[in-house]
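*Asks:* Below are the structure tokens for one structure; questions will follow.
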There are 2 protein chains.
Amino acid sequence: MKVNILGSGITKFGELWDKGLLDLAYDAGSEALKDSGLKAGQIDAVIVGNMLYGKASGQDHLGALVAQKLGINTSSAHVEAACASGGVAVHQAVTGVLSGLYENVLVIGVEKMTDLSTSEIGTALMGAASEAERQSGLTFPALYALMSKSHMKKYGTTREQLASVAVKNHYHASLNPKAQYSFEISVDKVLNSSMIADPLTLFDSSPITDGAAAVVLSSSKPSDVYISASAVASDSVGLSERKNLNEISATIRASKKAFEQAGITQKEVDLLEVHDCFTIAEILAMEDLGFCKKGDGGKFIESGITKLGGNLPVNTSGGLKGCGHPVGATGVKQIIEVYEQLKGTAVNRQIKNPKIGLTQNVGGTGATVAVHILQND
Amino acid sequence: MKVNILGSGITKFGELWDKGLLDLAYDAGSEALKDSGLKAGQIDAVIVGNMLYGKASGQDHLGALVAQKLGINTSSAHVEAACASGGVAVHQAVTGVLSGLYENVLVIGVEKMTDLSTSEIGTALMGAASEAERQSGLTFPALYALMSKSHMKKYGTTREQLASVAVKNHYHASLNPKAQYSFEISVDKVLNSSMIADPLTLFDSSPITDGAAAVVLSSSKPSDVYISASAVASDSVGLSERKNLNEISATIRASKKAFEQAGITQKEVDLLEVHDCFTIAEILAMEDLGFCKKGDGGKFIESGITKLGGNLPVNTSGGLKGCGHPVGATGVKQIIEVYEQLKGTAVNRQIKNPKIGLTQNVGGTGATVAVHILQND
């Protein structure tokens with residue numbers, strides 16, 4: 001598979017009070033178009049990844065609406081897969097390009113979350129979970145806390161190891177001007193911040209964020225960086241319906257397909273962007289993607305190997321934790337971070353000569369996982 | 001293009017008080033699987049078309065949820081494009097099959113509308129329109145009434161011609177055991193029913209409906225009927241932002257692409273399923289798809305040519321008007337009706353030896369249009 005990335009655009013991630021959802025989508029989309037060198041009239045399809053806007057505002061039909069805002073009247077669609085909406089939108093765009101029906105596809109992931117109150121956004125996000133989970137009063141911090149407790153009990157993963165994910169990702173975010181949080185934190189800071197759902201504290205958790213991210217995919221024009229694999233896998237939506245709290249099996253299945261598509265192994269991957277909605281999620285990702293043994297994720301990350309300067313930098317954007325997590329935008333932002341790194345334009349967080357990067361975007365507690373591999377060789 | 005249709009499944013359309021949305025999706029999906037001869041484990045992707053469930057129930061993540069219900073853990077996605085959600089879901093599935101990433105894709109369109117009160121459903125459906133339209137208190141009957149008035153003024157289209165669409169489609173519905181309405185109506189009945197938005201009465205309008213429809217698309221197994229064209233086009237979401245109230249330009253653009261893909265002309269088409277959400281919409285569809293001259297749609301339909309037994313039967317399922325309009329399911333149901341006709345299994349509404357059929361599915365007042373062409377030759 002070779003789907004070229006022609007350009008990207010991304011807004012600041014954060015509390016963007018002066019922008020509406022369509023403004024954000026327009027800003028990222030028009031920047032990506034400009035970066036690609038294409039005109040709006042050359043785009044064959046617009047695919048919008050978004051989870052919450054229908055519920056938050058009453059407005060649906062986002063594919064056509066965003067396309068209109070950008071002056072595009074070709075094919076459009078809105079794709080939703082909870083927190084994997086962005087990654088699945090990229091996947092749908094990849095199938096569009098590979099199908100031969102489209103030459104150039106603009107994918108925009110966007111979310112406007114800060115307009116909702118804390119209880120409203122908490123309730124809205126539970127749309128990603130099962131009905132039983134919603135009705136029993138669970139929240140996503142609570143669900144990921146259950147996974148954390150289980151992993152700690154079975155594998156001896158420590159609170160400090162969980163915290164080390166947040167510390168690393170805040171450091172990376174401090175080097176990313178688009179990130180919501182530009183400040184570094186310590187393990188102590190994480191451990192002593194407000195308890196959200198034992199053992200997860202405030203600083204184990206990704207924030208509520210506004211933002212948009214866009215890429216132009218193409219079969220026609222050449223580019224320095226291309227997508228060499230795109231795979232999605234599903235699982236039961238409710239955590240209680242799974243056999244195992246210590247793995248996200250959709251990550252295992254999606255990444256297996258992706259490695260086969262790209263014809264590479266884990267050893268050839270130079271960097272990753274993974275879905276660290278809570279610190280435990282990055283530990284599970286490293287294990288389920290096959291970069292360390294099951295149960296060793298905490299030690300692996302604590303060792304520093306995945307920090308900038310280490311052998312396998314993970315979440316150089318700052319991840320969901322430091323860069324922010326505008327739900328529908330996250331999966332597209334991950335693609336952009338790897339794209340920038342492979343182009344060599346990641347400035348003060350640039351890795352030296354990376355060739356291959358991988359992204360992993362999770363919906364809910366793992367009912368949907370989208371994995372992409374990007375290459376520049 | 002040749003994307004095989006291996007099987008289909010469809011629920012009764014109507015007020016289905018004893019079924020939830022997931023039940024409907026399961027019923028249609030498992031019937032389509034059985035009809036296709038494939039097992040759940042042979043499905044590479046599930047694509048769910050749905051507009052309203054997130055707002056109606058709080059539940060998102062429908063792709064994974066429906067896949068889980070059917071015992072499928074491969075790729076999944078939820079696609080939304082207002083009332084064109086089903087058609088756009090089929091389109092995304094077609095790109096998936098053509099991409100080579102999937103061999104077999106299950107597409108399910110589903111909507112559960114009757115759980116909402118009249119005001120709730122009216123408000124929810126306005127998510128397909130523009131913010132300005134919502135804020136000014138417009139409804140879809142009102143928007144299509146504006147289009148009706150304009151067409152009547154410019155082309156002399158009569159109330160009786162509008163009514164003839166409903167009369168024909170109720171007759172067709174009376175022959176379709178899955179249809180919401182099994183009774184025939186007269187022109188007088190349409191004209192004398194409650195006024196909804198002048199000139200449109202109750203019987204000019206499609207109903208609120210529960211239902212689901214599913215098809216299995218494939219690149220691997222042979223089949224009698226295949227999709228030879230799949231195209232989507234977009235337009236401004238707000239009606240006031242268009243240059244012309246008398247046409248749906250996205251229909252013109254999507255159908256032009258579809259005819260090119262299939263390499264056929266209007267003359268070769270034996271039957272159509274078009275988006276008659278209101279009677280005026282079928283008149284516009286006949287014109288914009290190029291089956292009669294602009295302005296002649298009313299006369300064309302009134303002549304009887306599009307009634308079963310005529311030269312070009314349109315909406316033999318009963319259309320949205322008679323069969324019902326479970327929003328996300330409609331675009332998939334259209335595919336199924338043409339599939340049944342081309343297979344020769346439409347029983348007492350069967351057309352004699354049709355070879356080519358076309359479907360047109362509209363979102364909002366035409367901001368999204370999906371056109372498919374099916375063939376059996």
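Naming works like this for the structure tokens: A, B, ... for the chains as they're shown, residue 1 at the start of each chain, ligands 1 onward in shown order.
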Which neighbours of Ala233 of chain A fall inside 7 Å, counting only C-alpha atoms, when residues of the same chain fewer than 5 positions from it are skipped, and could you give them as a VMD selection string?

*Replies:* (chain A and resid 250 253 to 254 368 to 370) or (chain B and resid 73 to 76)

*Asks:* Write a file of the selected residues as an mmCIF file, in the first residue's frame, keeping N, CA and C atoms.

*Replies:*
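That gives us selection39.cif:
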data_model
loop_
_atom_site.group_PDB
_atom_site.id
_atom_site.type_symbol
_atom_site.label_atom_id
_atom_site.label_comp_id
_atom_site.auth_asym_id
_atom_site.auth_seq_id
_atom_site.Cartn_x
_atom_site.Cartn_y
_atom_site.Cartn_z
ATOM 1 N N ALA A 250 -8.219 -5.581 20.332
ATOM 2 C CA ALA A 250 -8.371 -4.953 19.007
ATOM 3 C C ALA A 250 -7.057 -4.313 18.567
ATOM 4 N N ARG A 253 -5.051 -7.191 17.107
ATOM 5 C CA ARG A 253 -5.527 -7.614 15.784
ATOM 6 C C ARG A 253 -5.302 -6.561 14.700
ATOM 7 N N ALA A 254 -5.546 -5.295 15.036
ATOM 8 C CA ALA A 254 -5.349 -4.234 14.034
ATOM 9 C C ALA A 254 -3.867 -4.094 13.691
ATOM 10 N N THR A 368 -12.942 -0.094 19.341
ATOM 11 C CA THR A 368 -12.416 0.199 18.010
ATOM 12 C C THR A 368 -10.957 0.594 18.147
ATOM 13 N N VAL A 369 -10.096 0.041 17.323
ATOM 14 C CA VAL A 369 -8.702 0.478 17.275
ATOM 15 C C VAL A 369 -8.293 0.635 15.813
ATOM 16 N N ALA A 370 -7.728 1.808 15.505
ATOM 17 C CA ALA A 370 -7.206 2.074 14.161
ATOM 18 C C ALA A 370 -5.690 2.185 14.248
ATOM 19 N N ASN B 73 -15.509 -9.054 14.750
ATOM 20 C CA ASN B 73 -14.540 -8.185 15.436
ATOM 21 C C ASN B 73 -13.499 -7.588 14.498
ATOM 22 N N THR B 74 -13.850 -7.540 13.216
ATOM 23 C CA THR B 74 -12.941 -6.896 12.259
ATOM 24 C C THR B 74 -13.256 -5.405 12.192
ATOM 25 N N SER B 75 -12.906 -4.763 11.098
ATOM 26 C CA SER B 75 -13.091 -3.316 10.964
ATOM 27 C C SER B 75 -14.563 -2.920 11.108
ATOM 28 N N SER B 76 -14.807 -1.778 11.742
ATOM 29 C CA SER B 76 -16.176 -1.274 11.838
ATOM 30 C C SER B 76 -16.160 0.240 11.823
#

*Asks:* Name the residues of segment 72-195 of chain A that fall into strand (DSSP E) according to DSSP on the backbone, using the chain letters and numbers of this document, as number ranges by chain.

*Replies:* A: 75-80, 104-111, 195

*Asks:* Next, write the just-selected residues to a file, as a PDB file, in the first residue's frame, keeping N, CA and C atoms as the atom set.

*Replies:*
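Below you can see again.pdb, which holds the result:
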ATOM      1  N   SER A  75     -17.694  14.473  -3.093  1.00  0.00           N
ATOM      2  CA  SER A  75     -18.141  13.519  -2.074  1.00  0.00           C
ATOM      3  C   SER A  75     -17.788  13.995  -0.664  1.00  0.00           C
ATOM      4  N   SER A  76     -18.679  13.733   0.286  1.00  0.00           N
ATOM      5  CA  SER A  76     -18.388  14.063   1.681  1.00  0.00           C
ATOM      6  C   SER A  76     -19.056  13.040   2.582  1.00  0.00           C
ATOM      7  N   ALA A  77     -18.489  12.873   3.771  1.00  0.00           N
ATOM      8  CA  ALA A  77     -19.070  11.959   4.752  1.00  0.00           C
ATOM      9  C   ALA A  77     -18.573  12.323   6.135  1.00  0.00           C
ATOM     10  N   HIS A  78     -19.380  12.010   7.140  1.00  0.00           N
ATOM     11  CA  HIS A  78     -18.990  12.135   8.543  1.00  0.00           C
ATOM     12  C   HIS A  78     -18.852  10.723   9.097  1.00  0.00           C
ATOM     13  N   VAL A  79     -17.707  10.458   9.722  1.00  0.00           N
ATOM     14  CA  VAL A  79     -17.414   9.136  10.271  1.00  0.00           C
ATOM     15  C   VAL A  79     -17.278   9.250  11.781  1.00  0.00           C
ATOM     16  N   GLU A  80     -17.887   8.301  12.500  1.00  0.00           N
ATOM     17  CA  GLU A  80     -17.814   8.313  13.972  1.00  0.00           C
ATOM     18  C   GLU A  80     -17.435   6.938  14.485  1.00  0.00           C
ATOM     19  N   ASN A 104      -7.605  12.515  -4.676  1.00  0.00           N
ATOM     20  CA  ASN A 104      -7.193  13.329  -3.530  1.00  0.00           C
ATOM     21  C   ASN A 104      -8.322  13.415  -2.507  1.00  0.00           C
ATOM     22  N   VAL A 105      -8.032  13.048  -1.285  1.00  0.00           N
ATOM     23  CA  VAL A 105      -9.039  13.078  -0.226  1.00  0.00           C
ATOM     24  C   VAL A 105      -8.531  13.939   0.936  1.00  0.00           C
ATOM     25  N   LEU A 106      -9.409  14.819   1.401  1.00  0.00           N
ATOM     26  CA  LEU A 106      -9.102  15.642   2.575  1.00  0.00           C
ATOM     27  C   LEU A 106      -9.806  15.030   3.782  1.00  0.00           C
ATOM     28  N   VAL A 107      -9.018  14.676   4.795  1.00  0.00           N
ATOM     29  CA  VAL A 107      -9.582  14.123   6.036  1.00  0.00           C
ATOM     30  C   VAL A 107      -9.420  15.176   7.129  1.00  0.00           C
ATOM     31  N   ILE A 108     -10.509  15.475   7.818  1.00  0.00           N
ATOM     32  CA  ILE A 108     -10.457  16.450   8.906  1.00  0.00           C
ATOM     33  C   ILE A 108     -11.042  15.823  10.162  1.00  0.00           C
ATOM     34  N   GLY A 109     -10.263  15.791  11.219  1.00  0.00           N
ATOM     35  CA  GLY A 109     -10.774  15.385  12.528  1.00  0.00           C
ATOM     36  C   GLY A 109     -10.982  16.635  13.362  1.00  0.00           C
ATOM     37  N   VAL A 110     -12.127  16.720  14.021  1.00  0.00           N
ATOM     38  CA  VAL A 110     -12.428  17.959  14.748  1.00  0.00           C
ATOM     39  C   VAL A 110     -13.325  17.673  15.945  1.00  0.00           C
ATOM     40  N   GLU A 111     -13.088  18.407  17.019  1.00  0.00           N
ATOM     41  CA  GLU A 111     -13.978  18.309  18.179  1.00  0.00           C
ATOM     42  C   GLU A 111     -13.982  19.643  18.910  1.00  0.00           C
ATOM     43  N   MET A 195      -7.325  12.825  43.134  1.00  0.00           N
ATOM     44  CA  MET A 195      -7.705  11.472  42.741  1.00  0.00           C
ATOM     45  C   MET A 195      -8.967  11.557  41.878  1.00  0.00           C
TER      46      MET A 195
END

*Asks:* Would you tabulate, counting only C-alpha atoms, all residues of chain A that have an atom at most 7 Å from an atom of chain B, showing the closest pair of atoms and their distance in Å to one decimal, sorted by chain then ascending number, as a tab-separated table?

*Replies:*
residue	atom	partner	partner_atom	distance
A:Gly54	CA	B:Lys55	CA	6.6
A:Lys55	CA	B:Lys55	CA	5.1
A:Gly58	CA	B:Gly127	CA	5.3
A:Gln59	CA	B:Gly127	CA	4.2
A:Asp60	CA	B:Gly127	CA	4.6
A:His61	CA	B:Ala81	CA	4.9
A:Gly63	CA	B:Ala81	CA	6.7
A:Ala64	CA	B:Ser234	CA	5.7
A:Leu65	CA	B:Val237	CA	6.0
A:Gln68	CA	B:Ser236	CA	5.5
A:Asn73	CA	B:Ser234	CA	4.5
A:Thr74	CA	B:Ala233	CA	4.6
A:Ser75	CA	B:Ala233	CA	4.5
A:Ser76	CA	B:Ser234	CA	6.4
A:Ala77	CA	B:Ala81	CA	5.9
A:His78	CA	B:Glu80	CA	5.2
A:Val79	CA	B:Val79	CA	4.7
A:Glu80	CA	B:His78	CA	5.2
A:Ala81	CA	B:His61	CA	4.9
A:Ala82	CA	B:His61	CA	5.2
A:Val88	CA	B:Ala77	CA	6.9
A:Thr95	CA	B:Ser99	CA	5.1
A:Gly96	CA	B:Thr95	CA	5.2
A:Leu98	CA	B:Ser99	CA	4.5
A:Ser99	CA	B:Ser99	CA	3.8
A:Ala124	CA	B:Gly58	CA	6.7
A:Gly127	CA	B:Gln59	CA	4.2
A:Ala128	CA	B:His61	CA	5.3
A:Val232	CA	B:Ser75	CA	4.6
A:Ala233	CA	B:Ser75	CA	4.5
A:Ser234	CA	B:Asn73	CA	4.5
A:Asp235	CA	B:Asn73	CA	5.3
A:Ser236	CA	B:Gln68	CA	5.5
A:Val237	CA	B:Leu65	CA	6.0
A:Ala367	CA	B:Ala64	CA	6.0
A:Thr368	CA	B:Ala64	CA	6.3

*Asks:* Which of segment 159-278 of chain A end up as helix (DSSP H, G or I) when DSSP is run on this backbone - answer as a VMD selection string?

*Replies:* chain A and resid 159 to 173 187 to 192 202 to 204 239 to 241 249 to 262 266 to 268

*Asks:* Between B:Glu160, B:Glu31, B:Glu247, B:Glu120, which residue has the minimum interatomic distance to Lys294 of chain B, considering only C-alpha atoms?

*Replies:*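 Smallest distance to Lys294 of chain B is found for B:Glu247.
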
*Asks:* Would you mind listing what lies within 8 Å of Val167 of chain A as a ChimeraX atom specification, with only C-alpha atoms counted and same-chain residues fewer than 4 positions away left out?

*Replies:* /A:163,171,184-187,190

*Asks:* Report as a list in words all protein, DNA and RNA residues lying within 7 Å of segment 273-285 of chain A, evaluated on only C-alpha atoms, omitting residues in the same chain fewer than 2 positions from it.

*Replies:*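 Close residues of segment 273-285 of chain A: Tyr144, Ser148, Leu162, Ala163, Val165, Ala166, Asp204, Ser205, Ser206, Glu247, Glu287, Asp288, Leu289, Gly297, Gly298, Val314, Asn315, Gly319, Leu320, Lys321, Gln334, Leu358, Thr359, Gln360, Asn361 and Val362 of chain A.
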
*Asks:* Got time to write the residues from that selection, C-alpha atoms, as an mmCIF file, in the first residue's frame?

*Replies:*
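Final output, part-v9.cif:
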data_model
loop_
_atom_site.group_PDB
_atom_site.id
_atom_site.type_symbol
_atom_site.label_atom_id
_atom_site.label_comp_id
_atom_site.auth_asym_id
_atom_site.auth_seq_id
_atom_site.Cartn_x
_atom_site.Cartn_y
_atom_site.Cartn_z
ATOM 1 C CA TYR A 144 -9.452 2.707 32.819
ATOM 2 C CA SER A 148 -4.969 -0.142 35.846
ATOM 3 C CA LEU A 162 1.897 4.910 35.366
ATOM 4 C CA ALA A 163 2.989 8.427 36.329
ATOM 5 C CA VAL A 165 3.884 8.099 31.075
ATOM 6 C CA ALA A 166 2.401 11.469 31.995
ATOM 7 C CA ASP A 204 -2.974 10.399 34.720
ATOM 8 C CA SER A 205 -5.876 11.667 32.605
ATOM 9 C CA SER A 206 -6.048 13.406 29.248
ATOM 10 C CA GLU A 247 -5.020 -6.129 27.080
ATOM 11 C CA GLU A 287 2.524 -4.363 25.041
ATOM 12 C CA ASP A 288 -0.373 -5.000 22.642
ATOM 13 C CA LEU A 289 1.492 -3.459 19.690
ATOM 14 C CA GLY A 297 4.962 -1.948 29.639
ATOM 15 C CA GLY A 298 5.406 -0.006 32.850
ATOM 16 C CA VAL A 314 6.541 7.531 21.810
ATOM 17 C CA ASN A 315 4.069 10.416 21.682
ATOM 18 C CA GLY A 319 0.168 12.489 23.284
ATOM 19 C CA LEU A 320 -3.421 12.867 24.348
ATOM 20 C CA LYS A 321 -2.145 13.622 27.849
ATOM 21 C CA GLN A 334 -1.280 11.321 15.449
ATOM 22 C CA LEU A 358 3.152 3.934 13.684
ATOM 23 C CA THR A 359 -0.065 5.382 15.115
ATOM 24 C CA GLN A 360 -2.645 3.693 17.334
ATOM 25 C CA ASN A 361 -6.033 5.342 17.994
ATOM 26 C CA VAL A 362 -8.510 3.755 20.436
#

*Asks:* Find the spatial neighbours of segment 336-351 of chain B, counting only C-alpha atoms, within a cut-off of 7 Å - ignore same-chain residues fewer than 5 positions away - and output them as a PDB file with C-alpha atoms, in the first residue's frame.

*Replies:*
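Below you can see around-v8.pdb, which holds the result:
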ATOM      1  CA  SER B   8     -29.633  -8.727   1.701  1.00  0.00           C
ATOM      2  CA  LEU B 175     -47.637  -4.724  -2.893  1.00  0.00           C
ATOM      3  CA  ASP B 224     -26.172 -12.321 -10.121  1.00  0.00           C
ATOM      4  CA  VAL B 225     -26.313  -8.627  -9.328  1.00  0.00           C
ATOM      5  CA  THR B 316     -41.529  -0.012  -6.585  1.00  0.00           C
ATOM      6  CA  SER B 317     -40.731  -0.497  -2.884  1.00  0.00           C
ATOM      7  CA  GLY B 357     -31.513  -0.015 -11.843  1.00  0.00           C
ATOM      8  CA  ASN B 376     -27.391  -8.019 -13.637  1.00  0.00           C
TER       9      ASN B 376
END

*Asks:* Leaving out Gly295 of chain A and any residue of its chain fewer than 6 positions from it, which residues lie within 8 Å of it when counting only C-alpha atoms, given as a list in words?

*Replies:*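 What passes the distance filter is His151, Lys154, Tyr155, Thr157 and Glu287 of chain A.
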
*Asks:* Would you work out the distance separating atom CA of Leu6 of chain B from atom CA of Gln266 of chain B, expressed in Å to one decimal?

*Replies:*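 Distance reported for this atom pair: 25.7 Å.
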
*Asks:* Would you please work out which residue, of A:Met113, A:Val90, A:Ala32, A:Ala262, is nearest to Asp210 of chain A when using only C-alpha atoms?

*Replies:*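 With only C-alpha atoms as the atom set, the closest residue is A:Met113.
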